[in-house]
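Reproduced below: input-v9.cif, with mmCIF, C-alpha atoms.
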```cif
data_target
loop_
_atom_site.label_atom_id
_atom_site.label_comp_id
_atom_site.auth_asym_id
_atom_site.auth_seq_id
_atom_site.Cartn_x
_atom_site.Cartn_y
_atom_site.Cartn_z
CA MET A 332 100.78 88.64 85.21
CA THR A 333 98.62 88.70 88.33
CA TRP A 334 98.17 92.06 90.02
CA LEU A 335 97.42 91.66 93.71
CA ILE A 336 97.05 93.42 97.02
CA ASP A 337 97.74 91.49 100.22
CA GLY A 338 95.83 92.32 103.38
CA PRO A 339 97.77 91.70 106.60
CA ALA A 340 94.74 92.89 108.59
CA PHE A 341 93.20 89.50 107.78
CA PRO A 342 93.81 86.56 110.13
CA ASP A 343 95.02 84.51 107.14
CA LEU A 344 97.95 86.36 105.62
CA THR A 345 97.82 84.18 102.51
CA LEU A 346 94.57 85.80 101.37
CA ARG A 347 95.16 88.03 98.35
CA THR A 348 93.01 90.63 96.70
CA PRO A 349 93.24 90.77 92.91
CA VAL A 350 93.01 94.16 91.23
CA ARG A 351 92.30 92.78 87.77
CA ALA A 352 89.25 90.84 86.60
CA PRO A 353 88.76 88.96 83.32
CA ALA A 354 85.54 90.85 82.53
CA PRO A 355 83.12 93.27 84.20
CA GLY A 356 80.70 91.47 86.52
CA THR A 357 76.95 90.98 86.22
CA GLN A 358 74.13 90.56 88.71
CA GLN A 359 74.76 86.81 88.75
CA ALA A 360 78.20 87.49 90.25
CA LEU A 361 76.53 88.76 93.42
CA ASP A 362 75.83 85.12 94.28
CA LEU A 363 79.60 84.69 94.75
CA LEU A 364 79.56 87.19 97.62
CA PRO A 365 77.76 85.55 100.55
CA GLY A 366 77.21 87.77 103.54
CA VAL A 367 77.05 91.08 101.68
CA PRO A 368 74.38 93.50 102.92
CA GLU A 369 71.09 94.07 101.16
CA LEU A 370 71.75 95.73 97.81
CA THR A 371 69.75 97.69 95.29
CA GLU A 372 70.47 98.44 91.65
CA VAL A 373 72.03 101.71 90.55
CA ARG A 374 70.28 102.82 87.35
CA ALA A 375 70.72 106.24 85.78
CA ARG A 376 67.75 108.29 84.67
CA CYS A 377 66.97 107.98 80.98
CA GLY A 378 64.88 110.91 79.81
CA GLU A 379 62.36 112.53 82.13
CA ASP A 380 60.56 109.49 83.46
CA GLY A 381 62.52 106.32 82.71
CA LEU A 382 65.58 104.47 83.92
CA GLU A 383 68.32 102.72 82.01
CA ASP A 384 67.69 99.06 81.22
CA THR A 385 70.99 97.87 82.68
CA ALA A 386 72.26 98.43 86.21
CA ARG A 387 75.50 100.38 86.44
CA ALA A 388 76.30 99.05 89.90
CA TRP A 389 74.74 97.79 93.12
CA THR A 390 74.65 99.76 96.36
CA SER A 391 73.87 98.91 99.97
CA THR A 392 70.50 100.07 101.24
CA ALA A 393 71.70 100.79 104.79
CA PRO A 394 74.98 101.74 106.49
CA LEU A 395 77.46 98.89 106.89
CA HIS A 396 78.18 97.45 110.33
CA ASP A 397 81.75 96.57 109.31
CA PRO A 398 82.78 98.72 106.31
CA GLU A 399 86.43 97.63 106.23
CA GLY A 400 85.70 93.93 106.61
CA THR A 401 82.94 94.06 104.01
CA TRP A 402 85.20 95.89 101.56
CA ARG A 403 88.03 93.42 102.02
CA ARG A 404 85.79 90.37 101.56
CA CYS A 405 84.33 91.80 98.36
CA ALA A 406 87.69 92.97 97.03
CA GLN A 407 89.28 89.56 97.58
CA ALA A 408 86.71 88.03 95.23
CA PHE A 409 87.18 90.65 92.50
CA ASP A 410 88.86 88.31 90.01
CA ARG A 411 85.85 85.98 90.28
CA THR A 412 83.07 88.56 90.38
CA GLY A 413 84.31 91.44 88.22
CA LEU A 414 82.66 93.73 90.79
CA TRP A 415 85.06 96.24 92.35
CA PRO A 416 83.93 97.45 95.81
CA LEU A 417 83.94 101.10 96.77
CA LEU A 418 83.16 102.49 100.19
CA ALA A 419 80.68 105.28 99.58
CA GLY A 420 79.70 108.42 101.41
CA ARG A 421 76.23 109.14 102.74
CA LEU A 422 73.77 106.91 100.94
CA ASP A 423 71.41 109.82 100.29
CA GLU A 424 74.17 111.70 98.46
CA HIS A 425 74.12 109.26 95.54
CA PRO A 426 77.84 109.61 94.80
CA TYR A 427 77.43 107.63 91.59
CA ALA A 428 75.16 110.14 89.85
CA ASP A 429 74.49 113.86 89.56
CA GLY A 430 71.39 114.51 87.49
CA GLU A 431 71.81 112.40 84.38
CA PRO A 432 75.35 110.96 84.45
CA MET A 433 77.41 110.34 81.35
CA PRO A 434 77.10 106.91 79.71
CA PRO A 435 79.72 104.30 80.64
CA THR A 436 82.79 105.01 78.52
CA VAL A 437 86.33 103.86 77.79
CA PRO A 438 88.94 105.64 79.97
CA ASP A 439 90.85 108.47 78.32
CA ASP A 440 94.63 108.84 78.00
CA ALA A 441 96.11 110.18 81.25
CA ALA A 442 98.83 112.32 79.69
CA ALA A 443 96.32 114.02 77.39
CA VAL A 444 93.83 114.59 80.23
CA LEU A 445 96.39 116.07 82.61
CA GLY A 446 98.11 118.14 79.93
CA GLN A 447 94.82 119.76 78.92
CA ALA A 448 93.76 120.27 82.54
CA TRP A 449 97.14 121.88 83.30
CA TRP A 450 96.46 124.66 80.82
CA GLY A 451 92.97 125.06 82.22
CA CYS A 452 94.49 125.88 85.63
CA GLN A 453 96.27 129.00 84.46
CA LEU A 454 96.01 131.81 87.03
CA VAL A 455 94.72 135.27 86.18
CA ARG A 456 95.15 138.74 87.66
CA PRO A 457 92.16 140.61 89.17
CA ASP A 458 91.71 142.41 85.85
CA GLY A 459 91.40 139.07 84.03
CA THR A 460 94.78 139.04 82.29
CA ARG A 461 96.62 135.73 82.45
CA LEU A 462 99.71 135.23 84.57
CA PRO A 463 102.72 133.40 83.07
CA HIS A 464 102.17 129.66 83.12
CA PRO A 465 105.01 127.14 82.70
CA PRO A 466 104.60 124.39 80.12
CA TRP A 467 103.17 121.05 81.19
CA PRO A 468 106.15 119.18 82.73
CA GLY A 469 104.89 115.70 81.85
CA LEU A 470 104.13 112.61 83.91
CA ALA A 471 106.15 111.61 86.94
CA PRO A 472 108.29 108.48 86.65
CA GLY A 473 106.68 105.56 88.44
CA ARG A 474 108.05 103.66 91.36
CA GLY A 475 108.73 100.10 90.31
CA ALA A 476 106.08 97.69 89.07
CA PRO A 477 104.01 94.97 90.72
CA ASP A 478 105.38 91.47 90.29
CA ASP A 479 103.71 88.08 90.36
CA SER A 480 103.89 87.91 94.15
CA GLY A 481 101.66 90.97 94.45
CA VAL A 482 101.88 94.15 96.47
CA LEU A 483 100.92 94.64 100.10
CA LEU A 484 98.05 96.63 101.52
CA SER A 485 99.06 96.91 105.14
CA ALA A 486 97.55 98.50 108.22
CA GLU A 487 99.37 101.66 107.13
CA HIS A 488 96.84 101.99 104.31
CA PRO A 489 93.63 102.93 106.17
CA LEU A 490 90.34 102.70 104.32
CA PRO A 491 87.98 105.69 104.36
CA LEU A 492 85.40 105.80 107.13
CA PHE A 493 82.44 105.60 104.76
CA GLY A 494 79.43 103.49 105.65
CA GLY A 495 77.98 102.60 102.25
CA LEU A 496 79.05 99.99 99.70
CA LEU A 497 79.08 100.19 95.91
CA LEU A 498 79.85 97.15 93.76
CA VAL A 499 80.82 98.32 90.28
CA PRO A 500 81.32 96.12 87.17
CA ALA A 501 84.92 96.69 86.05
CA VAL A 502 88.11 94.92 84.99
CA ARG A 503 90.27 97.16 87.18
CA PRO A 504 89.48 99.58 90.04
CA ALA A 505 90.18 102.74 88.03
CA ASP A 506 87.41 101.95 85.55
CA ALA A 507 84.67 102.23 88.18
CA VAL A 508 84.24 105.99 87.74
CA ALA A 509 83.86 105.63 83.97
CA GLN A 510 81.31 102.84 84.43
CA LEU A 511 79.35 104.97 86.90
CA GLY A 512 79.47 108.11 84.77
CA TRP A 513 80.60 109.84 87.95
CA SER A 514 80.47 113.62 87.73
CA GLY A 515 81.95 114.73 91.04
CA ALA A 516 84.59 116.86 89.29
CA CYS A 517 82.13 118.53 86.94
CA ASN A 518 83.20 122.03 88.03
CA TRP A 519 86.58 121.25 86.49
CA SER A 520 85.11 119.61 83.36
CA LEU A 521 86.54 116.18 84.16
CA THR A 522 84.35 113.31 83.02
CA GLY A 523 84.32 109.84 84.51
CA ALA A 524 86.31 108.64 81.49
CA ALA A 525 88.95 111.34 82.01
CA ILE A 526 89.28 110.53 85.71
CA ALA A 527 89.45 106.80 85.01
CA GLY A 528 92.31 107.35 82.57
CA VAL A 529 94.32 109.22 85.20
CA LEU A 530 93.54 106.61 87.85
CA ARG A 531 94.69 103.83 85.50
CA SER A 532 98.02 105.59 85.08
CA TRP A 533 98.42 106.03 88.83
CA GLU A 534 97.62 102.35 89.35
CA ASP A 535 100.39 101.41 86.94
CA ARG A 536 103.00 103.88 88.17
CA PHE A 537 102.35 104.09 91.92
CA GLY A 538 100.05 101.22 92.88
CA ALA A 539 97.29 103.72 93.71
CA TYR A 540 93.85 102.10 93.89
CA LEU A 541 90.44 103.70 94.22
CA VAL A 542 88.69 102.47 97.38
CA GLY A 543 86.28 105.27 98.34
CA ILE A 544 83.91 107.64 96.57
CA GLY A 545 81.66 110.48 97.66
CA TRP A 546 79.58 113.23 96.10
CA ALA A 547 82.72 115.09 95.03
CA THR A 548 85.53 113.13 96.67
CA LEU A 549 87.76 110.19 95.81
CA GLU A 550 89.95 108.14 98.18
CA LEU A 551 92.91 106.07 97.00
CA VAL A 552 95.26 103.73 98.85
CA VAL A 553 98.83 103.91 97.54
CA THR A 554 101.08 100.87 97.70
CA ARG A 555 104.13 102.30 95.89
CA PRO A 556 104.07 106.03 96.72
CA PRO A 557 106.73 108.39 95.35
CA VAL A 558 109.97 108.65 97.29
CA THR A 559 112.36 110.70 95.13
CA ALA A 560 112.31 114.48 94.86
CA ARG A 561 111.62 114.29 91.11
CA GLN A 562 108.73 111.87 91.54
CA CYS A 563 107.13 114.03 94.23
CA ASP A 564 107.67 117.26 92.30
CA LEU A 565 106.13 116.02 89.06
CA LEU A 566 103.34 114.12 90.81
CA ALA A 567 102.38 117.29 92.71
CA HIS A 568 101.92 118.97 89.33
CA GLU A 569 99.74 116.06 88.24
CA HIS A 570 97.60 116.40 91.38
CA PHE A 571 97.28 120.14 90.78
CA ALA A 572 96.10 119.63 87.20
CA PHE A 573 93.75 116.87 88.33
CA CYS A 574 92.32 118.56 91.42
CA PRO A 575 93.35 122.19 92.07
CA ASP A 576 91.01 122.33 95.07
CA ASN A 577 93.39 120.04 96.96
CA PHE A 578 95.76 123.01 97.17
CA HIS A 579 93.07 125.22 98.74
CA PRO A 580 91.74 123.37 101.81
CA GLN A 581 88.51 124.55 103.39
CA THR A 582 88.49 122.63 106.64
CA GLY A 583 88.84 125.61 108.98
CA PRO A 584 88.58 129.40 109.15
CA ASP A 585 92.34 129.93 108.97
CA ASP A 586 93.13 127.62 106.07
CA ARG A 587 95.68 128.94 103.62
CA PRO A 588 96.67 127.69 100.18
CA ILE A 589 99.22 124.88 100.13
CA SER A 590 102.34 125.65 98.13
CA HIS A 591 103.63 123.29 95.49
CA ASP A 592 106.68 122.42 97.59
CA GLU A 593 104.55 121.69 100.66
CA TYR A 594 102.23 119.48 98.67
CA ALA A 595 105.10 117.62 97.04
CA ALA A 596 106.69 116.97 100.44
CA GLY A 597 103.39 115.54 101.69
CA LEU A 598 103.29 113.04 98.84
CA ARG A 599 106.56 111.39 99.82
CA ALA A 600 105.76 107.85 101.02
CA ALA A 601 102.10 108.84 101.65
CA PRO A 602 99.95 105.67 101.82
CA ARG A 603 96.69 107.39 100.88
CA TRP A 604 95.56 110.16 98.53
CA HIS A 605 92.40 112.21 98.99
CA PHE A 606 90.77 114.39 96.32
CA TRP A 607 87.87 116.77 96.63
CA TRP A 608 86.35 119.20 94.14
CA ASP A 609 84.45 122.25 95.32
#
```

Same coordinates, now as structure tokens:
Amino acid sequence: MTWLIDGPAFPDLTLRTPVRAPAPGTQQALDLLPGVPELTEVRARCGEDGLEDTARAWTSTAPLHDPEGTWRRCAQAFDRTGLWPLLAGRLDEHPYADGEPMPPTVPDDAAAVLGQAWWGCQLVRPDGTRLPHPPWPGLAPGRGAPDDSGVLLSAEHPLPLFGGLLLVPAVRPADAVAQLGWSGACNWSLTGAAIAGVLRSWEDRFGAYLVGIGWATLELVVTRPPVTARQCDLLAHEHFAFCPDNFHPQTGPDDRPISHDEYAAGLRAAPRWHFWWD
């Protein structure tokens, strides 16, 4: 089966963007991407003075003039390059590394990751005693499945306004965080492998694809978002276990916590998901 995203923002509506690759890409695959900006290797620190022998990814050395167009051109070649593009935050933030990142790993099981994280989110009283916590409700049922004709990424699925580009060797978008050893959710003890496992599950169930990454943020476009009350309810629990900070915005002085019901309502038919960890 071919898993695809269509991009109607392109002049040629027949262009399709694959979201599966036969194998992770190598440096030689960069030759298949004419017109990309100047790139430099992403290598993690190895010990006090050295760097890893193998590049984990390639990143632009300057802000992109056309982030969306560059992302789309690179993404449409993914099945040939094995390099999944991510729009990245400020280049000096190094969103792919925090100190010495974890080695590239195989993604974990999503149900196990979210179930464990759910119990780690148990609330406590001021005196430290634990409040009652309901059992983990399980994963939300997905909404359909991609077919051979692909799924559409329309103008209703805006890309993040990030100016940097990361090209990450992967066989599917979700695996990029595991390959990078990304540690943006370290305060919640989520490794890149744990996050990749959850993202894989969301790809399969809701057509949610990772397109942007920052120091402690992830941006996903969602091609088959939840529409039923049960899907939204259970998926809101998944988001809470995955990223509790999403329920406590800090964008203004009067921000208040978002209730479960409010969050679930916001997920209905939402074309993009944003996650940030404090």

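The coordinates place CA of Glu369 in chain A at 20.8 Å from CA of Asp384 in chain A.
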
One residue among A:Pro353, A:Pro489, A:Pro465, A:Pro575 is nearest to Arg403 in chain A when using all atoms listed in the file, and that residue is A:Pro489

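Taking only C-alpha atoms into account, Asp397 in chain A lies nearest to A:Gly495 out of the set A:Gly495, A:Gly420, A:Gln358, A:Ala442.
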
Near-range 498-514 of chain A list (8 Å; all atoms listed in the file; drop same-chain fewer than 5 positions) as JSON, numbers by chain: {"A": [350, 351, 352, 353, 354, 355, 356, 357, 387, 388, 389, 390, 413, 414, 415, 416, 417, 426, 427, 428, 429, 432, 433, 434, 435, 436, 437, 438, 521, 522, 523, 524, 525, 526, 527, 528, 530, 531, 534, 540, 541, 542, 547]}

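The space between CA of Gly459 in chain A and CA of Ala443 in chain A spans 26.4 Å.
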
Quick one: of A:Ala448, A:Leu497, A:Leu462, A:Leu490, who's nearest to His570 in chain A, counting all atoms listed in the file? A:Ala448

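Minimum distance to Pro491 in chain A across A:Asp586, A:Asp564, A:Glu550, A:Asp609 (counting all atoms listed in the file) occurs at A:Glu550.
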
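Proximity ranking of A:Gly473, A:Gly446, A:Gly366, A:Gly543 relative to Phe493 in chain A places A:Gly543 first, based on only C-alpha atoms.
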
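Coordinates place CA of Pro580 in chain A at a distance of 23.8 Å from CA of Ala471 in chain A.
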
Residues selected by the PyMOL selection byres ((chain A and resi 395) around 8), written as an NGL selection string: :A and (368 or 391 or 393-394 or 396-398 or 401 or 494-496)

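Closest to Ser520 in chain A among A:Ala375, A:Ala596, A:Glu383, A:Leu445 is A:Leu445, based on all atoms listed in the file.
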
Enumerate, as a PyMOL selection string, the protein, DNA and RNA residues whose atoms approach (102.2, 117.3, 101.3) to within 12 Å, taking into account all atoms listed in the file and the coordinate frame of the file. chain A and resi 557+563-564+566-567+570-571+577-578+588-605

Could I see range 354-365 of chain A restored to all heavy atoms, set down as a tab-separated table (two decimals), in the coordinates of the input?
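So part31.tsv came out as:
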```tsv
chain	number	residue	atom	x	y	z
A	354	ALA	N	86.62	90.12	83.20
A	354	ALA	CA	85.54	90.85	82.53
A	354	ALA	C	84.70	91.55	83.60
A	354	ALA	O	84.69	91.13	84.77
A	354	ALA	CB	84.66	89.89	81.72
A	355	PRO	N	84.01	92.63	83.24
A	355	PRO	CA	83.12	93.27	84.20
A	355	PRO	C	82.04	92.30	84.67
A	355	PRO	O	81.55	91.47	83.90
A	355	PRO	CB	82.51	94.43	83.41
A	355	PRO	CG	83.46	94.66	82.27
A	355	PRO	CD	84.04	93.33	81.95
A	356	GLY	N	81.67	92.40	85.94
A	356	GLY	CA	80.70	91.47	86.52
A	356	GLY	C	79.27	91.79	86.16
A	356	GLY	O	78.94	92.87	85.64
A	357	THR	N	78.39	90.85	86.44
A	357	THR	CA	76.95	90.98	86.22
A	357	THR	C	76.24	90.70	87.53
A	357	THR	O	76.85	90.34	88.54
A	357	THR	CB	76.48	90.01	85.14
A	357	THR	OG1	76.68	88.66	85.62
A	357	THR	CG2	77.25	90.20	83.84
A	358	GLN	N	74.92	90.80	87.50
A	358	GLN	CA	74.13	90.56	88.71
A	358	GLN	C	74.34	89.14	89.23
A	358	GLN	O	74.32	88.91	90.45
A	358	GLN	CB	72.65	90.82	88.44
A	358	GLN	CG	71.79	90.70	89.69
A	358	GLN	CD	70.39	91.22	89.46
A	358	GLN	OE1	70.05	91.63	88.36
A	358	GLN	NE2	69.57	91.20	90.50
A	359	GLN	N	74.56	88.19	88.32
A	359	GLN	CA	74.76	86.81	88.75
A	359	GLN	C	76.00	86.69	89.64
A	359	GLN	O	76.08	85.80	90.50
A	359	GLN	CB	74.90	85.89	87.53
A	359	GLN	CG	73.61	85.64	86.78
A	359	GLN	CD	73.10	86.86	86.03
A	359	GLN	OE1	73.90	87.66	85.55
A	359	GLN	NE2	71.78	87.02	85.97
A	360	ALA	N	76.97	87.57	89.45
A	360	ALA	CA	78.20	87.49	90.25
A	360	ALA	C	77.94	87.80	91.72
A	360	ALA	O	78.75	87.44	92.58
A	360	ALA	CB	79.24	88.45	89.69
A	361	LEU	N	76.84	88.46	92.03
A	361	LEU	CA	76.53	88.76	93.42
A	361	LEU	C	76.37	87.49	94.24
A	361	LEU	O	76.58	87.49	95.46
A	361	LEU	CB	75.26	89.61	93.52
A	361	LEU	CG	75.33	91.01	92.89
A	361	LEU	CD1	73.97	91.67	92.94
A	361	LEU	CD2	76.36	91.87	93.60
A	362	ASP	N	76.00	86.39	93.57
A	362	ASP	CA	75.83	85.12	94.28
A	362	ASP	C	77.17	84.59	94.81
A	362	ASP	O	77.18	83.71	95.68
A	362	ASP	CB	75.21	84.08	93.35
A	362	ASP	CG	73.79	84.45	92.94
A	362	ASP	OD1	73.14	85.20	93.69
A	362	ASP	OD2	73.34	84.00	91.87
A	363	LEU	N	78.28	85.11	94.29
A	363	LEU	CA	79.60	84.69	94.75
A	363	LEU	C	80.06	85.46	95.98
A	363	LEU	O	81.17	85.25	96.46
A	363	LEU	CB	80.62	84.87	93.63
A	363	LEU	CG	80.35	84.09	92.33
A	363	LEU	CD1	81.38	84.47	91.26
A	363	LEU	CD2	80.37	82.60	92.60
A	364	LEU	N	79.20	86.35	96.48
A	364	LEU	CA	79.56	87.19	97.62
A	364	LEU	C	78.59	86.95	98.78
A	364	LEU	O	77.75	87.80	99.10
A	364	LEU	CB	79.53	88.67	97.22
A	364	LEU	CG	80.56	89.10	96.18
A	364	LEU	CD1	80.27	90.52	95.71
A	364	LEU	CD2	81.97	89.01	96.75
A	365	PRO	N	78.65	85.80	99.41
A	365	PRO	CA	77.76	85.55	100.55
A	365	PRO	C	78.06	86.50	101.69
A	365	PRO	O	79.21	86.87	101.93
A	365	PRO	CB	78.08	84.10	100.94
A	365	PRO	CG	79.46	83.87	100.43
A	365	PRO	CD	79.58	84.68	99.19
```
